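Q: Please see the structure below; I have some questions.
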Amino acid sequence: MSRATGRDTGSPFARLRGRSVGELRDRAVHRVRTMAERAGVRPVPSWPEATERDPRPERPGGGPDGMLLDALPVSLRDALVSRADDAAVGRFALLGHPPHDYGLAPDWQRDPRSGRVAPRVHWSRVPYLDVAAVGDHKVTWELARHQWLLWLAQGWCLARDPRHPAAAAALLDHWLRENPPKVGMHWTSALELSFRCLAWTHALPLLVDAPAIDAVLRRRLAESVLVQMDHVAWNLSRWFSPNTHLTGEALALYVTGCAWPMLPGAAARRELGWRVLVEQLPVQVRPDGSYFEQSTWYQAYTVDFYVEALRWARHEGRPVPVGMRARLLAAARFLRAMTRADGTVPLVGDDDGGRLWPLLPGAADDVSDVLARAAIALDDPDLAVPGTQGVHALPWTHGVGTVSRGTHDESEGRVAREGGWVVMRERRADGREHHLVLDAGPHGALTCGHAHADALAVVLTVAGRHVVVDPGTFAYVGAARDRYRATAAHATVTVDGIDSSEQGSSFRWRSVARSRLLEAALAPDADWAMGVHEGYGRLPDPVGHRRLVMRLPRSLWIMLDTLTCAASHAVGVSLPLAAGAAVTLDADAHGARVAVDDVSVRVAGEPALAWAVEPATVSRAYGAEVPAPRLVGRATVAGTTTLCTVLADAQECAVDHVERMGAASWAIVHRDGRDLVTLADGAPVDFDGGRFDGRWLVIRSTLRGERAVVAAGPGTLEAAGQRVAIAAGGVVRVVLETGAVAAGRR
């Protein structure tokens, strides 16, 4: 892919363009070292026989306190022991896949879903991305991350059942024998080696008093850590995947260097890992706290990696640069804003299903444990999500049982301007939370490998129920990869049935939509954001797409999609819905009612939109998918056309229908009257008793017993005898009966 154009040229010579001298040099050195390994010229590092006979990794704070474990909810203790019991017989539920019986002597090279087996050859010859040759490499790798060792260690700590450490010993012994250094699937990715060694480092101290984990096994594991971390140090993902691959590898170098100081070269690897972590945080996390690949899953990964690094830095007394701590805090606060009241995060962009510490059973998209750890590490209790199970991970990592309550509510809306993200939040009368996310940021970073064709997509949770969703990822290979990355799968607009960004191979794109956030503001009387993208500019008749999203109090969201073109085009406003949602279309097909559990949401479109329900699927965990409806409003547009879609919590705002009043004006008819919406875009608009020349205007029929005008700038609003200047991105409300003015941002 050309870094300048975003087009996948496919030419090996074209791929050399844009690479620095340093990158070319490093790649050449790496190639020479790899060839030397193949030829047996470069020996595998070894630990002198005379050194320590029973190496035991250090662990910050020692093992979990027994009183804290006793305080865990009984249901959680039972679930953890049950998971350990399954692992004790080699039965694992990995990623989003159902439990599978691997046994205690598994075929480590086999993808159980496809039955394909990776060849046992030098790691550099394994075609691990070729689904026809090895199946889904993610599934094969997941077993060999050895995070089931944590589950067995938890079972041992809670139940003292000797079957748990015995199974751990059997699986570890078998893996060491079946995966010799540099051979096979599990040496192909430095990140996979890193996760494996991190799992060993964290779990072994929890099993220190288990007879089955003896000195001989501990020595073999330490020798393997030496070989694996040497491999990681020489194969860092500086150029291939300089994202969470690089930071995860750096974390492993740092942590194993701290935990296994007796290993040859440990100090050098420790310093290398720390240096990369410090260097990469400002590269991968923007000043606004958003992650540069535009993926909420990898945002959580990044926060967790760096929280773990801070835990070990505190353990060894290492000073943490002020800028590093501040950037991590920004990343954690952004993740907190993106996290819903139930602890889950919308799966925008790729999610690979992996976790640094899969310590708790539960929903795969629940990141409340990550935020609980961040709250402790960053001394900011407001990062924790109240009422979620995330705090129950803390005894296993930080030796505490809870997070003290903060002084303010961190669960507020947020605008991350550099990342193009906007989060709108509101609590309805019964205290349940609404949560909307708009992604108006860049397509991604690097080769955009973890991006989806989701320019200007939204995700909406109403009264705590997931309603309009991101479909997730499901797979990194095969036809499903394209289906889940497609524009039609996301809550945005399609034009002529094509994607806003053209897909190439699984982690590349032929062209990418240039998206950007134009304006945004959060205020008590209205949240709003406007973004634009040029992905359909590649059509013979170029089409521009601009989306304006407004949140008005009383649980009402308005989307105005402006399509700019010359010829006629078929467009679709897509609303992928949560699994289990029940949809009832209006008789005239201009709206629908969506029911999710005890919440009812009204979707009303203007007369130009004809709505239909289409079958689709969603995935909340890698490898798992379930049927879910997709609501699509279709229209044919020509010239500059704006389409209006309204979503409302039916309990608080009973919208009936939408009427078009002009080229850029609509009436939202509801039980309390009619709200008039005008997209002025700077053109003067006269209304009864006033005038406006800003961005948009809503005349509310009733709100808390008042008739009011809500308007956004830049421009001037004249109403009820008041003349108010509105700044760019500003919002103002004027009560028509009294002339009272409220302005400002939240």
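Residues in the structure tokens are numbered from 1 in each chain, the chains being A, B, ... in the order shown, and ligands are numbered from 1 in the order shown.
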Which residues come within 7 Å of Ala267 of chain A, counting only C-alpha atoms, excluding same-chain residues fewer than 4 positions away, as a list of chain:residue names?
A: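 In the requested form, the answer reads A:Gly257, A:Pro261, A:Glu271.
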Q: I need the strand (DSSP E or B) residues of segment 83-115 of chain A per DSSP on the backbone, written as a ChimeraX atom specification.
A: /A:91-92,100-101,110
Q: Based on the selection just made, write N, CA, C and O atoms of those residues as an mmCIF file, in the first residue's frame.
A:
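Output file selection03.cif follows:
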data_model
loop_
_atom_site.group_PDB
_atom_site.id
_atom_site.type_symbol
_atom_site.label_atom_id
_atom_site.label_comp_id
_atom_site.auth_asym_id
_atom_site.auth_seq_id
_atom_site.Cartn_x
_atom_site.Cartn_y
_atom_site.Cartn_z
ATOM 1 N N ARG A 91 -10.180 -28.618 28.412
ATOM 2 C CA ARG A 91 -11.369 -28.082 27.743
ATOM 3 C C ARG A 91 -11.340 -26.559 27.876
ATOM 4 O O ARG A 91 -11.403 -26.029 28.992
ATOM 5 N N PHE A 92 -11.240 -25.864 26.741
ATOM 6 C CA PHE A 92 -11.069 -24.417 26.769
ATOM 7 C C PHE A 92 -12.081 -23.737 25.852
ATOM 8 O O PHE A 92 -12.324 -24.201 24.729
ATOM 9 N N HIS A 100 -13.988 -26.256 23.555
ATOM 10 C CA HIS A 100 -13.471 -27.331 22.703
ATOM 11 C C HIS A 100 -12.561 -28.218 23.542
ATOM 12 O O HIS A 100 -11.779 -27.734 24.365
ATOM 13 N N ASP A 101 -12.653 -29.509 23.330
ATOM 14 C CA ASP A 101 -11.833 -30.468 24.075
ATOM 15 C C ASP A 101 -10.491 -30.651 23.376
ATOM 16 O O ASP A 101 -10.367 -31.444 22.439
ATOM 17 N N ARG A 110 -2.693 -27.098 15.195
ATOM 18 C CA ARG A 110 -3.959 -27.358 14.504
ATOM 19 C C ARG A 110 -5.014 -26.319 14.854
ATOM 20 O O ARG A 110 -5.212 -25.993 16.027
#
Q: For His315 of chain A, which residue among A:Val698, A:Val646, A:Cys258, A:Val32 is the nearest when counting only C-alpha atoms?
A: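 Going through A:Val698, A:Val646, A:Cys258, A:Val32 one by one, the smallest distance to His315 of chain A is for A:Cys258.
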Q: Among the residues of segment 493-731 of chain A, find those DSSP assigns to helix (DSSP H, G or I) from the backbone and print them as a ChimeraX atom specification.
A: /A:535-538
Q: Keeping only N, CA, C and O atoms, write those residues as a CSV table (one decimal), in the first residue's frame.
A:
chain,number,residue,atom,x,y,z
A,535,GLY,N,-15.0,9.6,0.8
A,535,GLY,CA,-14.8,8.2,0.2
A,535,GLY,C,-15.5,7.9,-1.1
A,535,GLY,O,-15.0,7.1,-1.9
A,536,TYR,N,-16.6,8.6,-1.3
A,536,TYR,CA,-17.3,8.4,-2.6
A,536,TYR,C,-16.9,9.4,-3.7
A,536,TYR,O,-17.6,9.4,-4.7
A,537,GLY,N,-15.9,10.1,-3.4
A,537,GLY,CA,-15.3,11.0,-4.4
A,537,GLY,C,-14.7,10.3,-5.6
A,537,GLY,O,-14.4,10.9,-6.6
A,538,ARG,N,-14.5,9.0,-5.4
A,538,ARG,CA,-13.9,8.2,-6.5
A,538,ARG,C,-14.9,7.7,-7.5
A,538,ARG,O,-14.5,7.2,-8.6
Q: Please, which residues in segment 60-160 of chain A fall within 7 Å of segment 386-397 of chain A when counting only C-alpha atoms, and what is the closest atom pair and distance in Å to one decimal for each, ordered by chain then residue number, as a Markdown table?
A:
| residue | atom | partner | partner_atom | distance |
| --- | --- | --- | --- | --- |
| A:Pro64 | CA | A:Pro395 | CA | 5.5 |
| A:Leu68 | CA | A:Pro395 | CA | 6.2 |
| A:Leu69 | CA | A:Pro395 | CA | 6.9 |
| A:Leu72 | CA | A:His392 | CA | 6.8 |
Q: Here is a test: counting only C-alpha atoms, which residue of A:Asn235, A:Thr494, A:Gln147, A:Ser224 is nearest to Leu198 of chain A?
A: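 Checking each candidate against Leu198 of chain A, we get A:Gln147 as the closest.
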Q: Residues near segment 187-194 of chain A, anyone? I mean within 7 Å using only C-alpha atoms, not counting same-chain ones fewer than 6 positions away, as a compact mmCIF listing (two decimals) with N, CA, C and O atoms, in the first residue's frame.
A:
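Just written: selection-v2.txt:
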# COMPACT_ATOMS: atom_id res chain seq x y z
N TRP A 123 10.23 -21.08 11.69
CA TRP A 123 9.13 -20.13 11.84
C TRP A 123 8.98 -19.19 10.65
O TRP A 123 7.87 -18.79 10.31
N SER A 124 10.09 -18.84 10.01
CA SER A 124 10.03 -17.89 8.90
C SER A 124 9.41 -18.50 7.65
O SER A 124 9.08 -17.78 6.70
N TRP A 141 -3.15 -19.64 17.55
CA TRP A 141 -2.29 -18.88 18.46
C TRP A 141 -2.88 -18.77 19.86
O TRP A 141 -2.15 -18.77 20.86
N ARG A 145 -1.08 -19.00 23.71
CA ARG A 145 -0.78 -17.86 24.58
C ARG A 145 -0.69 -18.30 26.04
O ARG A 145 -0.22 -17.54 26.89
N GLN A 228 12.78 -17.23 24.13
CA GLN A 228 11.67 -16.48 23.53
C GLN A 228 11.90 -14.97 23.59
O GLN A 228 11.62 -14.25 22.62
N VAL A 232 12.16 -12.22 20.66
CA VAL A 232 11.35 -11.00 20.59
C VAL A 232 12.24 -9.78 20.41
O VAL A 232 11.95 -8.90 19.59
N ASN A 235 13.26 -9.46 16.94
CA ASN A 235 12.18 -9.45 15.95
C ASN A 235 11.07 -8.47 16.35
O ASN A 235 9.89 -8.71 16.06
N LEU A 236 11.44 -7.40 17.01
CA LEU A 236 10.45 -6.39 17.40
C LEU A 236 9.71 -5.87 16.17
O LEU A 236 10.30 -5.68 15.10
N HIS A 245 1.29 -4.55 18.58
CA HIS A 245 2.32 -5.61 18.50
C HIS A 245 3.60 -5.11 19.15
O HIS A 245 4.19 -5.78 19.99
N GLY A 248 3.12 -4.40 22.97
CA GLY A 248 2.98 -5.65 23.71
C GLY A 248 4.30 -6.39 23.84
O GLY A 248 4.61 -6.97 24.89
N GLU A 249 5.08 -6.37 22.78
CA GLU A 249 6.40 -7.01 22.82
C GLU A 249 7.32 -6.26 23.78
O GLU A 249 8.08 -6.87 24.55
N ALA A 252 6.51 -7.15 27.33
CA ALA A 252 7.04 -8.45 27.73
C ALA A 252 8.54 -8.37 28.02
O ALA A 252 9.03 -8.98 28.99
Q: Closest to Val632 of chain A among A:Thr584, A:Ser501, A:Ser701, A:Thr492, using only C-alpha atoms?
A: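 Looking at the shortest contact to Val632 of chain A, the residue is A:Thr492.
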Q: If we count only C-alpha atoms, what is near Trp357 of chain A at a cut-off of 12 Å, once residues fewer than 6 positions away on the same chain are taken out, given as JSON, numbers by chain?
A: {"A": [145, 146, 147, 148, 149, 150, 151, 195, 196, 198, 199, 200, 201, 202, 203, 300, 301, 304, 305, 307, 308, 367, 369, 370, 373, 390, 393, 394, 396, 397]}
Q: Emit the selected residues as a short mmCIF file (atom, residue, chain, number, x, y, z; two decimals), in the first residue's frame, including N, CA and C atoms.
A:
data_model
loop_
_atom_site.label_atom_id
_atom_site.label_comp_id
_atom_site.auth_asym_id
_atom_site.auth_seq_id
_atom_site.Cartn_x
_atom_site.Cartn_y
_atom_site.Cartn_z
N ARG A 145 -1.08 -19.00 23.71
CA ARG A 145 -0.78 -17.86 24.58
C ARG A 145 -0.69 -18.30 26.04
N HIS A 146 -1.20 -19.47 26.34
CA HIS A 146 -1.10 -20.08 27.67
C HIS A 146 -1.82 -19.27 28.74
N GLN A 147 -2.84 -18.52 28.36
CA GLN A 147 -3.56 -17.77 29.38
C GLN A 147 -4.48 -18.66 30.20
N TRP A 148 -4.70 -19.88 29.74
CA TRP A 148 -5.39 -20.87 30.56
C TRP A 148 -4.59 -21.18 31.83
N LEU A 149 -3.28 -20.89 31.82
CA LEU A 149 -2.46 -21.09 33.01
C LEU A 149 -2.94 -20.19 34.15
N LEU A 150 -3.40 -18.99 33.79
CA LEU A 150 -3.97 -18.10 34.80
C LEU A 150 -5.23 -18.71 35.39
N TRP A 151 -6.05 -19.34 34.55
CA TRP A 151 -7.30 -19.93 35.05
C TRP A 151 -7.01 -21.09 36.02
N PHE A 195 2.91 -12.64 24.85
CA PHE A 195 1.76 -12.98 25.67
C PHE A 195 2.01 -14.26 26.47
N ARG A 196 2.66 -15.22 25.83
CA ARG A 196 2.92 -16.49 26.51
C ARG A 196 3.83 -16.28 27.73
N LEU A 198 4.37 -13.50 29.35
CA LEU A 198 3.67 -12.70 30.35
C LEU A 198 2.73 -13.57 31.18
N ALA A 199 2.05 -14.51 30.53
CA ALA A 199 1.16 -15.42 31.26
C ALA A 199 1.96 -16.26 32.25
N TRP A 200 3.10 -16.78 31.83
CA TRP A 200 3.94 -17.55 32.74
C TRP A 200 4.38 -16.69 33.92
N THR A 201 4.80 -15.47 33.62
CA THR A 201 5.33 -14.59 34.65
C THR A 201 4.27 -14.28 35.70
N HIS A 202 3.05 -14.10 35.28
CA HIS A 202 2.00 -13.75 36.23
C HIS A 202 1.47 -14.97 36.96
N ALA A 203 1.37 -16.11 36.30
CA ALA A 203 0.72 -17.27 36.90
C ALA A 203 1.63 -18.10 37.80
N ALA A 300 -8.28 -0.16 24.47
CA ALA A 300 -8.27 -0.84 25.76
C ALA A 300 -6.99 -1.65 25.95
N TYR A 301 -6.56 -2.34 24.90
CA TYR A 301 -5.28 -3.07 24.94
C TYR A 301 -4.15 -2.14 25.38
N ASP A 304 -4.25 -1.11 28.99
CA ASP A 304 -3.88 -2.23 29.86
C ASP A 304 -2.37 -2.49 29.82
N PHE A 305 -1.78 -2.43 28.63
CA PHE A 305 -0.33 -2.63 28.53
C PHE A 305 0.42 -1.63 29.41
N VAL A 307 -0.73 0.32 31.88
CA VAL A 307 -1.03 0.18 33.31
C VAL A 307 -0.16 -0.91 33.92
N GLU A 308 0.02 -2.02 33.20
CA GLU A 308 0.89 -3.09 33.70
C GLU A 308 2.34 -2.62 33.78
N VAL A 367 -14.82 -3.97 29.46
CA VAL A 367 -13.48 -3.47 29.78
C VAL A 367 -13.44 -2.85 31.17
N ASP A 369 -12.69 -4.20 33.91
CA ASP A 369 -11.50 -4.61 34.65
C ASP A 369 -10.28 -3.78 34.25
N VAL A 370 -10.18 -3.44 32.96
CA VAL A 370 -9.08 -2.58 32.50
C VAL A 370 -9.16 -1.23 33.20
N ARG A 373 -8.17 -1.40 36.93
CA ARG A 373 -6.71 -1.41 37.08
C ARG A 373 -6.12 -0.03 36.82
N GLY A 390 -15.64 -5.28 37.23
CA GLY A 390 -14.23 -5.04 36.97
C GLY A 390 -13.35 -5.04 38.20
N ALA A 393 -11.21 -8.09 39.48
CA ALA A 393 -9.91 -8.48 38.92
C ALA A 393 -8.76 -7.97 39.77
N LEU A 394 -9.02 -6.98 40.61
CA LEU A 394 -7.94 -6.30 41.33
C LEU A 394 -7.18 -7.19 42.33
N TRP A 396 -6.18 -10.09 41.98
CA TRP A 396 -5.23 -10.91 41.24
C TRP A 396 -4.06 -10.11 40.68
N THR A 397 -4.20 -8.79 40.61
CA THR A 397 -3.13 -7.98 40.01
C THR A 397 -2.56 -6.95 40.97
#
Q: Using only C-alpha atoms, pick whichever of A:Glu718, A:Arg465, A:Arg707, A:Leu522 has the shortest atom-to-atom distance to Asp686 of chain A.
A: A:Glu718
Q: Just how far from atom CA of Arg219 of chain A is atom CA of Arg53 of chain A, in Å to one decimal?
A: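 The value is 6.5 Å.
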Q: Near segment 125-135 of chain A, within 8 Å and counting only C-alpha atoms, which residues show up once chain neighbours fewer than 2 positions away are dropped, as number ranges by chain?
A: A: 110-111, 113-123, 137, 184-185, 188, 477-478
Q: Quick one: residues within 12 Å of Arg77 of chain A, only C-alpha atoms counted, chain neighbours fewer than 6 positions away excluded, as a VMD selection string?
A: chain A and resid 68 to 71 83 to 84 151 154 to 159 359 to 361 392 to 393
Q: Find the residue from A:Ala595, A:Leu95, A:Leu152, A:Val669 that sits nearest to Asp351 of chain A; use only C-alpha atoms when measuring.
A: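 Of all the options, A:Leu95 lies closest to Asp351 of chain A.
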Q: Let me make sure I understand: among A:Arg630, A:Arg314, A:Arg177, A:Arg547, which one has the smallest atom-to-atom distance to Cys644 of chain A if we use only C-alpha atoms?
A: A:Arg547
Q: Between atom CA of Met229 of chain A and atom CA of Arg355 of chain A, what is the distance, to one decimal in Å?
A: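 Taking atom CA of Met229 of chain A as the start and atom CA of Arg355 of chain A as the end point, the length is 19.8 Å.
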Q: With the cut-off set at 10 Å and counting only C-alpha atoms, tabulate each residue of segment 442-475 of chain A with an atom at most that distance from an atom of segment 597-604 of chain A, showing the nearest atom pair and its distance in Å to one decimal, ordered by chain and increasing number, as CSV.
A:
residue,atom,partner,partner_atom,distance
A:Val462,CA,A:Val599,CA,7.4
A:Ala463,CA,A:Val599,CA,7.0
A:Gly464,CA,A:Val599,CA,8.7
A:Arg465,CA,A:Val599,CA,7.0
A:His466,CA,A:Val599,CA,9.6
A:Val467,CA,A:Val601,CA,8.1
